[in-house]
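**Student:** My structure is in target30.cif, and what it holds is mmCIF, C-alpha atoms:
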data_query
loop_
_atom_site.label_atom_id
_atom_site.label_comp_id
_atom_site.auth_asym_id
_atom_site.auth_seq_id
_atom_site.Cartn_x
_atom_site.Cartn_y
_atom_site.Cartn_z
CA MET A 18 2.37 27.66 -36.88
CA PHE A 19 3.12 24.99 -39.50
CA GLY A 20 4.61 22.54 -37.02
CA SER A 21 8.29 21.83 -36.49
CA ARG A 22 10.77 21.26 -39.31
CA GLN A 23 10.51 17.47 -38.98
CA GLU A 24 6.73 17.61 -39.28
CA ARG A 25 6.92 19.57 -42.52
CA ARG A 26 9.28 16.92 -43.90
CA GLY A 27 6.74 14.25 -42.94
CA GLU A 28 8.64 12.92 -39.92
CA PRO A 29 6.92 12.84 -36.53
CA SER A 30 8.23 15.49 -34.14
CA ARG A 31 9.86 14.64 -30.85
CA SER A 32 6.87 15.71 -28.78
CA LEU A 33 4.59 13.57 -30.92
CA ILE A 34 6.85 10.54 -30.40
CA SER A 35 6.91 11.02 -26.63
CA ALA A 36 3.13 11.53 -26.62
CA ARG A 37 2.74 8.28 -28.53
CA SER A 38 5.04 6.31 -26.23
CA LEU A 39 3.17 7.70 -23.21
CA LYS A 40 -0.08 6.55 -24.80
CA ALA A 41 1.40 3.09 -25.41
CA LEU A 42 2.55 2.92 -21.79
CA GLN A 43 -0.93 3.87 -20.60
CA THR A 44 -2.62 1.17 -22.70
CA THR A 45 -0.11 -1.40 -21.44
CA ILE A 46 -0.79 -0.40 -17.86
CA SER A 47 -4.55 -0.47 -18.23
CA ARG A 48 -4.39 -3.90 -19.89
CA SER A 49 -2.11 -5.27 -17.18
CA GLY A 50 -4.81 -4.93 -14.51
CA PRO A 51 -6.33 -8.44 -14.78
CA ALA A 52 -2.88 -10.03 -15.05
CA ALA A 53 -1.68 -8.26 -11.90
CA MET A 54 -4.88 -9.30 -10.11
CA VAL A 55 -4.50 -12.96 -11.03
CA SER A 56 -0.86 -13.19 -10.03
CA TYR A 57 -1.60 -11.75 -6.59
CA THR A 58 -4.71 -13.89 -6.15
CA LEU A 59 -2.78 -17.08 -7.02
CA ILE A 60 -0.12 -16.41 -4.37
CA GLY A 61 -2.66 -15.01 -1.90
CA ALA A 62 -4.91 -18.07 -2.14
CA ILE A 63 -2.07 -20.50 -1.48
CA VAL A 64 -0.68 -18.43 1.41
CA LEU A 65 -4.07 -17.75 3.02
CA LEU A 66 -5.51 -21.25 2.80
CA GLY A 67 -2.17 -22.90 3.61
CA GLY A 68 -1.88 -20.56 6.61
CA ILE A 69 -5.38 -21.41 7.81
CA GLY A 70 -4.55 -25.12 7.43
CA TYR A 71 -1.34 -24.66 9.41
CA ALA A 72 -3.23 -22.79 12.16
CA ILE A 73 -5.82 -25.60 12.42
CA ASP A 74 -2.99 -28.17 12.59
CA GLU A 75 -1.33 -26.24 15.43
CA TRP A 76 -4.64 -25.92 17.26
CA ARG A 77 -5.90 -29.51 16.91
CA GLY A 78 -2.53 -31.25 16.67
CA THR A 79 -3.40 -32.90 13.37
CA SER A 80 -0.17 -32.03 11.55
CA PRO A 81 0.26 -32.15 8.58
CA TRP A 82 -3.18 -32.93 7.13
CA PHE A 83 -4.93 -29.56 7.30
CA LEU A 84 -1.78 -27.81 6.02
CA LEU A 85 -1.69 -30.12 3.01
CA GLY A 86 -5.42 -29.75 2.45
CA GLY A 87 -5.19 -25.98 2.73
CA LEU A 88 -2.32 -25.79 0.26
CA LEU A 89 -4.20 -28.01 -2.19
CA LEU A 90 -7.37 -25.95 -1.83
CA GLY A 91 -5.29 -22.78 -2.27
CA LEU A 92 -3.85 -24.17 -5.50
CA ILE A 93 -7.35 -25.05 -6.75
CA VAL A 94 -8.79 -21.61 -5.91
CA GLY A 95 -5.76 -19.74 -7.27
CA PHE A 96 -5.63 -21.65 -10.55
CA TYR A 97 -9.42 -21.45 -10.92
CA GLU A 98 -9.16 -17.64 -10.74
CA LEU A 99 -6.30 -17.74 -13.25
CA ALA A 100 -8.30 -19.94 -15.62
CA LYS A 101 -11.34 -17.68 -15.32
CA THR A 102 -9.31 -14.63 -16.33
CA LEU A 103 -7.83 -16.51 -19.28
CA TRP A 104 -11.23 -17.71 -20.47
CA ARG A 105 -12.53 -14.17 -20.24
CA SER A 106 -9.87 -12.68 -22.51
CA MET B 12 29.82 19.75 29.99
CA GLN B 13 28.47 18.92 26.55
CA ILE B 14 31.43 16.73 25.70
CA GLU B 15 31.10 14.86 28.98
CA GLN B 16 27.48 14.19 28.17
CA VAL B 17 28.38 12.92 24.72
CA GLN B 18 30.99 10.59 26.16
CA GLU B 19 28.53 9.37 28.75
CA HIS B 20 25.94 8.61 26.08
CA ALA B 21 28.50 6.86 23.92
CA GLY B 22 29.67 4.82 26.92
CA GLU B 23 26.10 3.77 27.72
CA ALA B 24 25.46 2.79 24.12
CA ALA B 25 28.65 0.75 23.94
CA ALA B 26 27.93 -1.04 27.21
CA GLU B 27 24.50 -2.13 26.00
CA GLY B 28 25.90 -3.50 22.72
CA PHE B 29 24.21 -3.14 19.36
CA ASN B 30 21.17 -5.33 18.78
CA ALA B 31 20.29 -4.97 15.08
CA GLY B 32 17.04 -6.95 15.33
CA ALA B 33 15.64 -4.88 18.18
CA VAL B 34 16.54 -1.58 16.47
CA ILE B 35 14.98 -2.65 13.17
CA ILE B 36 11.78 -3.87 14.81
CA GLU B 37 11.44 -0.65 16.79
CA HIS B 38 11.73 1.40 13.60
CA VAL B 39 9.19 -0.68 11.68
CA ALA B 40 6.61 -1.81 14.24
CA ASN B 41 3.77 0.11 15.82
CA SER B 42 4.30 1.68 19.25
CA PRO B 43 3.94 -0.94 22.04
CA ILE B 44 0.39 -1.37 23.27
CA ASP B 45 1.37 -0.69 26.92
CA HIS B 46 2.93 2.63 25.85
CA PRO B 47 0.41 4.17 23.42
CA LEU B 48 0.34 7.86 22.55
CA ILE B 49 -3.03 8.45 24.21
CA HIS B 50 -4.51 6.04 26.74
CA LEU B 51 -8.17 5.25 26.09
CA PRO B 52 -10.37 2.69 27.86
CA THR B 53 -11.01 -0.83 26.55
CA ILE B 54 -14.55 -1.15 25.18
CA ALA B 55 -16.00 -4.60 24.39
CA GLY B 56 -12.55 -6.18 24.50
CA ILE B 57 -11.07 -3.67 22.04
CA ASP B 58 -8.31 -1.39 23.33
CA LEU B 59 -9.13 2.01 21.83
CA SER B 60 -5.77 3.59 22.77
CA VAL B 61 -4.20 5.73 20.08
CA THR B 62 -0.91 4.21 18.91
CA LYS B 63 1.61 5.76 16.56
CA HIS B 64 0.17 4.21 13.41
CA VAL B 65 -3.31 5.48 14.29
CA PHE B 66 -1.78 8.91 14.85
CA MET B 67 -0.03 8.72 11.47
CA LEU B 68 -3.34 7.82 9.80
CA TRP B 69 -4.85 10.98 11.29
CA VAL B 70 -1.88 13.05 10.13
CA VAL B 71 -2.19 11.65 6.59
CA ALA B 72 -5.96 12.23 6.52
CA ALA B 73 -5.57 15.82 7.75
CA LEU B 74 -2.73 16.50 5.32
CA VAL B 75 -4.59 15.16 2.29
CA PHE B 76 -7.81 16.91 3.27
CA ALA B 77 -6.11 20.26 3.84
CA ALA B 78 -3.89 20.15 0.74
CA VAL B 79 -6.66 19.14 -1.67
CA THR B 80 -9.31 21.43 -0.18
CA ILE B 81 -7.08 24.49 -0.20
CA ALA B 82 -5.86 23.83 -3.74
CA VAL B 83 -9.36 23.27 -5.14
CA ARG B 84 -10.86 26.30 -3.36
CA ARG B 85 -8.10 28.57 -4.57
CA TYR B 86 -8.56 27.20 -8.09
CA LEU B 87 -12.33 27.84 -8.04
CA ARG B 88 -11.81 31.42 -6.89
CA GLN B 89 -9.77 32.25 -10.01
CA ASP B 90 -11.34 34.27 -12.81
CA ARG B 91 -10.06 32.02 -15.56
CA LEU B 92 -10.21 28.32 -14.67
CA VAL B 93 -6.66 27.51 -15.68
CA PRO B 94 -4.91 25.24 -13.17
CA SER B 95 -1.37 26.00 -12.11
CA GLY B 96 1.19 24.60 -9.72
CA PHE B 97 -0.11 21.99 -7.29
CA MET B 98 -3.59 22.07 -8.79
CA ASN B 99 -2.12 21.22 -12.18
CA ALA B 100 -0.35 18.18 -10.75
CA LEU B 101 -3.48 17.13 -8.90
CA GLU B 102 -5.56 17.40 -12.05
CA ALA B 103 -3.04 15.30 -13.99
CA VAL B 104 -3.20 12.59 -11.30
CA VAL B 105 -7.01 12.61 -11.23
CA GLU B 106 -7.17 12.37 -15.02
CA PHE B 107 -4.61 9.57 -15.07
CA ILE B 108 -6.56 7.52 -12.53
CA ARG B 109 -9.85 8.18 -14.30
CA ASP B 110 -8.68 7.42 -17.84
CA ASN B 111 -6.23 4.60 -17.16
CA VAL B 112 -7.53 2.87 -14.06
CA VAL B 113 -11.25 3.42 -13.52
CA ARG B 114 -12.69 3.74 -17.05
CA PRO B 115 -11.00 0.66 -18.60
CA SER B 116 -11.98 -1.61 -15.70
CA VAL B 117 -15.28 -0.23 -14.43
CA GLY B 118 -16.66 1.13 -17.70
CA ASP B 119 -17.86 4.60 -18.65
CA THR B 120 -21.34 4.17 -17.13
CA TRP B 121 -20.16 3.37 -13.62
CA ALA B 122 -16.92 5.37 -13.63
CA PRO B 123 -18.44 8.48 -11.95
CA THR B 124 -19.87 6.29 -9.15
CA TRP B 125 -16.60 4.56 -8.24
CA MET B 126 -14.07 7.22 -9.18
CA PRO B 127 -14.22 9.00 -5.77
CA LEU B 128 -13.52 5.81 -3.82
CA VAL B 129 -10.64 4.72 -6.04
CA MET B 130 -9.14 8.22 -6.08
CA THR B 131 -9.35 8.47 -2.29
CA PHE B 132 -7.57 5.13 -1.97
CA PHE B 133 -4.80 6.28 -4.27
CA VAL B 134 -4.13 9.63 -2.62
CA PHE B 135 -4.44 8.28 0.92
CA ILE B 136 -2.19 5.24 0.39
CA LEU B 137 0.34 7.27 -1.59
CA THR B 138 0.60 9.90 1.16
CA ALA B 139 0.78 7.29 3.94
CA ASN B 140 3.51 5.40 2.05
CA ALA B 141 5.46 8.57 1.28
CA ILE B 142 5.39 9.89 4.84
CA GLY B 143 7.10 6.66 5.93
CA LEU B 144 10.08 7.59 3.77
CA ILE B 145 10.52 11.03 5.34
CA PRO B 146 12.62 10.63 8.50
CA VAL B 147 10.68 13.21 10.55
CA PHE B 148 10.71 11.21 13.75
CA GLU B 149 14.36 10.23 13.45
CA VAL B 150 15.24 13.94 13.29
CA LEU B 151 12.94 14.63 16.25
CA GLY B 152 14.66 11.77 18.09
CA LEU B 153 18.08 13.39 17.56
CA LEU B 154 16.64 16.70 18.74
CA ASP B 155 15.28 15.01 21.85
CA HIS B 156 18.54 13.20 22.49
CA TRP B 157 20.79 16.27 22.34
CA VAL B 158 18.56 19.28 23.06
CA LEU B 159 15.11 18.67 24.48
CA HIS B 160 15.51 15.70 26.85
CA ALA B 161 11.76 15.14 27.07
CA GLY B 162 10.66 12.88 29.90
CA GLU B 163 10.12 9.16 29.24
CA GLU B 164 6.36 9.47 29.84
CA SER B 165 5.77 12.67 27.84
CA PHE B 166 3.73 12.66 24.63
CA PHE B 167 6.80 13.73 22.67
CA ALA B 168 8.92 10.83 23.91
CA ARG B 169 6.15 8.33 23.14
CA LEU B 170 5.86 9.78 19.64
CA LEU B 171 9.43 8.68 18.95
CA HIS B 172 8.73 4.97 19.51
CA GLY B 173 7.69 2.87 16.58
CA GLY B 174 7.69 3.22 12.80
CA SER B 175 5.86 5.98 10.97
CA THR B 176 4.62 4.08 7.90
CA ALA B 177 1.02 3.33 8.78
CA THR B 178 0.56 1.24 5.61
CA SER B 179 3.28 -1.18 6.79
CA ASN B 180 0.84 -2.30 9.50
CA PHE B 181 -1.27 -5.28 8.44
CA ASN B 182 -4.26 -3.97 10.39
CA VAL B 183 -4.31 -0.75 8.36
CA THR B 184 -4.09 -2.50 5.00
CA ALA B 185 -6.65 -5.08 6.14
CA ALA B 186 -9.07 -2.26 6.97
CA LEU B 187 -8.51 -0.75 3.52
CA ALA B 188 -9.04 -4.15 1.90
CA VAL B 189 -12.29 -4.62 3.85
CA VAL B 190 -13.54 -1.39 2.27
CA THR B 191 -12.66 -2.88 -1.14
CA PHE B 192 -14.41 -6.15 -0.20
CA PHE B 193 -17.68 -4.37 0.58
CA ALA B 194 -17.27 -2.04 -2.41
CA ILE B 195 -17.19 -5.13 -4.66
CA ILE B 196 -20.45 -6.42 -3.16
CA VAL B 197 -22.13 -2.99 -3.36
CA ALA B 198 -20.95 -2.54 -6.97
CA GLY B 199 -22.35 -5.92 -8.01
CA SER B 200 -25.61 -5.34 -6.16
CA LYS B 201 -26.09 -1.87 -7.66
CA ALA B 202 -25.42 -3.08 -11.19
CA HIS B 203 -27.37 -6.36 -11.12
CA GLY B 204 -29.56 -6.28 -8.02
CA ALA B 205 -28.75 -7.92 -4.69
CA VAL B 206 -29.88 -11.44 -5.66
CA GLN B 207 -28.42 -11.49 -9.15
CA HIS B 208 -25.02 -10.40 -7.83
CA TRP B 209 -24.72 -13.57 -5.74
CA LYS B 210 -26.04 -15.70 -8.61
CA ASN B 211 -23.31 -14.19 -10.79
CA LEU B 212 -20.71 -15.87 -8.59
CA VAL B 213 -21.27 -19.12 -10.52
CA PRO B 214 -20.12 -18.86 -14.14
CA HIS B 215 -22.79 -18.85 -16.80
CA GLY B 216 -23.67 -22.04 -18.67
CA VAL B 217 -21.99 -24.70 -16.54
CA SER B 218 -23.83 -27.89 -15.59
CA PRO B 219 -25.67 -27.76 -12.24
CA PHE B 220 -23.39 -30.46 -10.81
CA LEU B 221 -20.27 -28.42 -11.58
CA ALA B 222 -21.97 -25.24 -10.34
CA VAL B 223 -22.44 -26.76 -6.88
CA ALA B 224 -18.75 -27.66 -6.76
CA LEU B 225 -17.75 -24.18 -7.90
CA ILE B 226 -19.72 -22.26 -5.24
CA PRO B 227 -17.25 -22.89 -2.36
CA ILE B 228 -14.29 -22.17 -4.65
CA GLU B 229 -15.87 -18.87 -5.75
CA ILE B 230 -16.59 -17.88 -2.14
CA LEU B 231 -13.00 -18.67 -1.15
CA GLY B 232 -11.79 -16.66 -4.14
CA MET B 233 -13.93 -13.74 -2.97
CA LEU B 234 -12.21 -13.82 0.44
CA VAL B 235 -8.73 -14.36 -1.00
CA ARG B 236 -8.76 -11.14 -3.05
CA PRO B 237 -8.83 -8.69 -0.12
CA PHE B 238 -6.28 -10.89 1.66
CA ALA B 239 -3.91 -10.58 -1.31
CA LEU B 240 -4.39 -6.80 -1.26
CA THR B 241 -3.66 -6.66 2.47
CA MET B 242 -0.50 -8.72 2.39
CA ARG B 243 0.96 -7.14 -0.73
CA LEU B 244 0.81 -3.54 0.44
CA ALA B 245 1.90 -4.15 4.04
CA ALA B 246 4.71 -6.57 3.12
CA ASN B 247 6.10 -4.23 0.46
CA MET B 248 6.12 -1.24 2.78
CA THR B 249 7.70 -3.18 5.65
CA GLY B 250 10.24 -4.95 3.44
CA GLY B 251 11.86 -1.85 2.02
CA HIS B 252 12.31 -0.26 5.45
CA ILE B 253 13.82 -3.45 6.88
CA ALA B 254 16.25 -3.67 3.96
CA ILE B 255 17.46 -0.08 4.48
CA LEU B 256 17.83 -0.52 8.23
CA ALA B 257 19.59 -3.88 7.92
CA ILE B 258 22.14 -2.44 5.51
CA LEU B 259 22.76 0.55 7.78
CA SER B 260 23.14 -1.82 10.75
CA PHE B 261 26.32 -3.21 9.18
CA VAL B 262 28.10 0.01 10.18
CA PHE B 263 27.47 -0.63 13.87
CA ILE B 264 27.98 -4.39 13.70
CA PHE B 265 31.40 -3.92 12.06
CA ALA B 266 32.27 -1.07 14.44
CA GLU B 267 31.60 -3.37 17.37
CA MET B 268 33.55 -6.25 15.87
CA ALA B 269 36.62 -4.50 14.49
CA GLY B 270 36.70 -0.95 15.82
CA SER B 271 35.04 2.28 14.81
CA TYR B 272 37.34 3.02 11.82
CA VAL B 273 36.33 -0.24 10.13
CA GLY B 274 32.70 0.64 10.85
CA ILE B 275 33.07 4.07 9.27
CA GLY B 276 34.84 2.48 6.29
CA VAL B 277 32.04 -0.04 5.77
CA GLY B 278 29.52 2.79 6.06
CA ALA B 279 31.23 5.03 3.53
CA ALA B 280 32.07 2.30 1.02
CA PHE B 281 29.06 0.03 1.25
CA SER B 282 26.17 0.83 3.59
CA VAL B 283 25.39 4.45 2.83
CA PRO B 284 25.60 4.22 -1.01
CA LEU B 285 23.47 1.07 -1.01
CA ALA B 286 20.96 2.58 1.44
CA VAL B 287 20.67 5.67 -0.77
CA ALA B 288 20.06 3.44 -3.79
CA ILE B 289 17.39 1.43 -1.97
CA THR B 290 15.74 4.64 -0.77
CA ALA B 291 15.55 5.77 -4.40
CA LEU B 292 14.00 2.41 -5.26
CA GLU B 293 11.56 2.87 -2.38
CA ILE B 294 10.29 6.10 -3.93
CA ILE B 295 9.23 4.03 -6.96
CA VAL B 296 7.80 1.30 -4.71
CA VAL B 297 5.73 3.90 -2.84
CA LEU B 298 4.16 5.04 -6.12
CA VAL B 299 3.73 1.56 -7.59
CA GLN B 300 2.14 0.05 -4.49
CA ALA B 301 -0.41 2.86 -4.18
CA TYR B 302 -1.12 2.46 -7.88
CA VAL B 303 -1.49 -1.33 -7.73
CA PHE B 304 -3.89 -1.14 -4.78
CA THR B 305 -6.15 1.29 -6.65
CA LEU B 306 -5.82 -0.65 -9.92
CA LEU B 307 -6.81 -3.92 -8.25
CA THR B 308 -9.72 -2.27 -6.45
CA ALA B 309 -10.96 -0.90 -9.78
CA VAL B 310 -10.49 -4.27 -11.50
CA PHE B 311 -12.41 -6.12 -8.74
CA ILE B 312 -15.27 -3.62 -8.87
CA GLY B 313 -15.28 -3.90 -12.67
CA MET B 314 -15.42 -7.71 -12.46
CA ALA B 315 -18.49 -7.52 -10.21
CA ILE B 316 -20.18 -5.10 -12.64
CA HIS B 317 -19.28 -6.94 -15.88
CA ALA B 318 -19.92 -10.39 -14.47
CA HIS B 319 -20.98 -12.11 -17.70
CA HIS B 320 -19.26 -10.36 -20.56
#
Could you spell out this file's structure in structure tokens?
**Tutor:**
Amino acid sequence: MFGSRQERRGEPSRSLISARSLKALQTTISRSGPAAMVSYTLIGAIVLLGGIGYAIDEWRGTSPWFLLGGLLLGLIVGFYELAKTLWRS
Amino acid sequence: MQIEQVQEHAGEAAAEGFNAGAVIIEHVANSPIDHPLIHLPTIAGIDLSVTKHVFMLWVVAALVFAAVTIAVRRYLRQDRLVPSGFMNALEAVVEFIRDNVVRPSVGDTWAPTWMPLVMTFFVFILTANAIGLIPVFEVLGLLDHWVLHAGEESFFARLLHGGSTATSNFNVTAALAVVTFFAIIVAGSKAHGAVQHWKNLVPHGVSPFLAVALIPIEILGMLVRPFALTMRLAANMTGGHIAILAILSFVFIFAEMAGSYVGIGVGAAFSVPLAVAITALEIIVVLVQAYVFTLLTAVFIGMAIHAHH
């Protein structure tokens, strides 16, 4: 009725501590969204555009120019997305 | 009679030799296209035959639909609306996704609109991932091998070929990512209007010269996001299964090289403990990957809605 013994002595009870740490975990998770997105987009852009460049090289026999171009474009797109997220926050 | 059969099987297996690569691929890949579960005609160049991964998608959909519908109906029939058991767990999950995934990224105004899509993604992907960890078909395969002896062309025998994790197939995750891709466009169009959504692609307040250069980069970025979603989920689900199978293959590789006692020793000391540990890790991966897919979907939708804030 009056809370646990620790609460009456002014110390937070165990359930309160675990509730707080759960809350902290939840805020961390919800803030990590943009960071997770950017990390995957950076890798994804390089892999996708590099892969498309490689496929064009295989098809037209122009190795290695489209692969290099694709990787470069992937870097630009990936880092542009990263920069945009950083500017936003 | 039984023992003779066992010896015969063992003899056959030994004569063929153990091919780790072939075994692993058969346990991870979809059923071969010339041996699908149900043969259907090819329409407009697309083979509509039902393969194992398609079948698993149906199983997952039916399972999720039945479990959630039954739980919610039973809950609504109660006199006092106090959830218990499965319904309690379901409610906790729904609240977690709403308060920690959808609301922070999409915002309170649009959360009710996009909550159903994000929640469906989470439950569907989680169930599809989790079913891949349950060795139902391996057990059925043992049953077939020793008891049933179903014919090579029967539905049951075809069911045993191929992996059961539908989300480890790039086509499945690509389809899910395409839903996300269109959800982003619809979210932006609903919040800002169809024209303004496409104008939002270029950041506010940059010089017209720079804006022209940024348009192709923004369009590429738009296409890269669903690609990243596709690869991440499928690669993670395939990778864990390959790791477990590769470690278990050591038992048979060593048994072939140095005799069955060495193989059993390697299994007991190294392969089985490590495989158990990786399976435990996979349980976390199953949860995290479903969570990350839904989180990223919510973040992308939120970015389209809050384009200039």
**Student:** Neighbours of range 86-95 of chain A within 9 Å (all atoms listed in the file; same-chain residues fewer than 3 positions away dropped), as a VMD selection string?
**Tutor:** (chain A and resid 55 to 56 58 to 71 81 to 83 98 to 100) or (chain B and resid 228 to 229 231 to 232 235)
**Student:** Box in all listed atoms of range 66-78 of chain A, axis-aligned, with 3 Å more on each side; write out centre and edge lengths in Å to one decimal as lines of an AutoDock Vina configuration file.
**Tutor:**
center_x = -3.6
center_y = -25.9
center_z = 10.0
size_x = 10.6
size_y = 16.7
size_z = 20.5
**Student:** Decode the PyMOL selection byres ((chain B) within 12 of (chain A)) for the given file into explicit residues and return them as a ChimeraX atom specification.
**Tutor:** /B:106-117,212-215,224-244,299-300,302-314,317-320
**Student:** How many Å lie between CA of Gly56 in chain B and CA of Val183 in chain B, rounded to one decimal?
**Tutor:**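 Rounded to one decimal, the two atoms are 18.9 Å apart.
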**Student:** Would you compute the distance between CA of Asn99 in chain B and CA of Leu144 in chain B? Give it in Å to one decimal.
**Tutor:** 24.3 Å
**Student:** May I ask which of the residues B:Leu92, B:Leu151, B:Ala269, B:Ala177 is the closest one to Thr62 in chain B, counting all atoms listed in the file?
**Tutor:**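 The closest residue to Thr62 in chain B is B:Ala177.
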**Student:** Could you tell me how far CA of Leu39 in chain A lies from CA of Ala141 in chain B, in Å and to one decimal?
**Tutor:**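 Atom-to-atom, CA of Leu39 in chain A and CA of Ala141 in chain B are spaced 24.6 Å apart.
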**Student:** Applied to this file, what does the PyMOL selection byres ((chain B and resi 101) around 12) return in terms of residues, put as an MDAnalysis selection string?
**Tutor:** chainID B and resid 75 78:83 86 94:100 102:108 130 133:134
**Student:** Tell me which protein, DNA and RNA residues are within 8 Å of Thr178 in chain B, counting all atoms listed in the file, leaving out same-chain ones fewer than 4 positions away, and put them as a PDB file with C-alpha atoms, in the frame of the given file.
**Tutor:**
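That gives us out03.pdb:
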ATOM      1  CA  ILE B 136      -2.190   5.240   0.390  1.00  0.00           C
ATOM      2  CA  ALA B 139       0.780   7.290   3.940  1.00  0.00           C
ATOM      3  CA  ASN B 140       3.510   5.400   2.050  1.00  0.00           C
ATOM      4  CA  VAL B 183      -4.310  -0.750   8.360  1.00  0.00           C
ATOM      5  CA  THR B 184      -4.090  -2.500   5.000  1.00  0.00           C
ATOM      6  CA  LEU B 244       0.810  -3.540   0.440  1.00  0.00           C
ATOM      7  CA  ALA B 245       1.900  -4.150   4.040  1.00  0.00           C
ATOM      8  CA  MET B 248       6.120  -1.240   2.780  1.00  0.00           C
TER       9      MET B 248
END
**Student:** Using only C-alpha atoms, can you tell me which of B:Ile196, B:Val262, B:Leu187, B:Leu137 comes closest to Ile294 in chain B?
**Tutor:**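 Under the stated criterion, the closest residue is B:Leu137.
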**Student:** So, counting only C-alpha atoms, which residue among B:Ala246, B:Ala202, B:Leu74, B:Ile44 is closest to Trp121 in chain B?
**Tutor:** B:Ala202
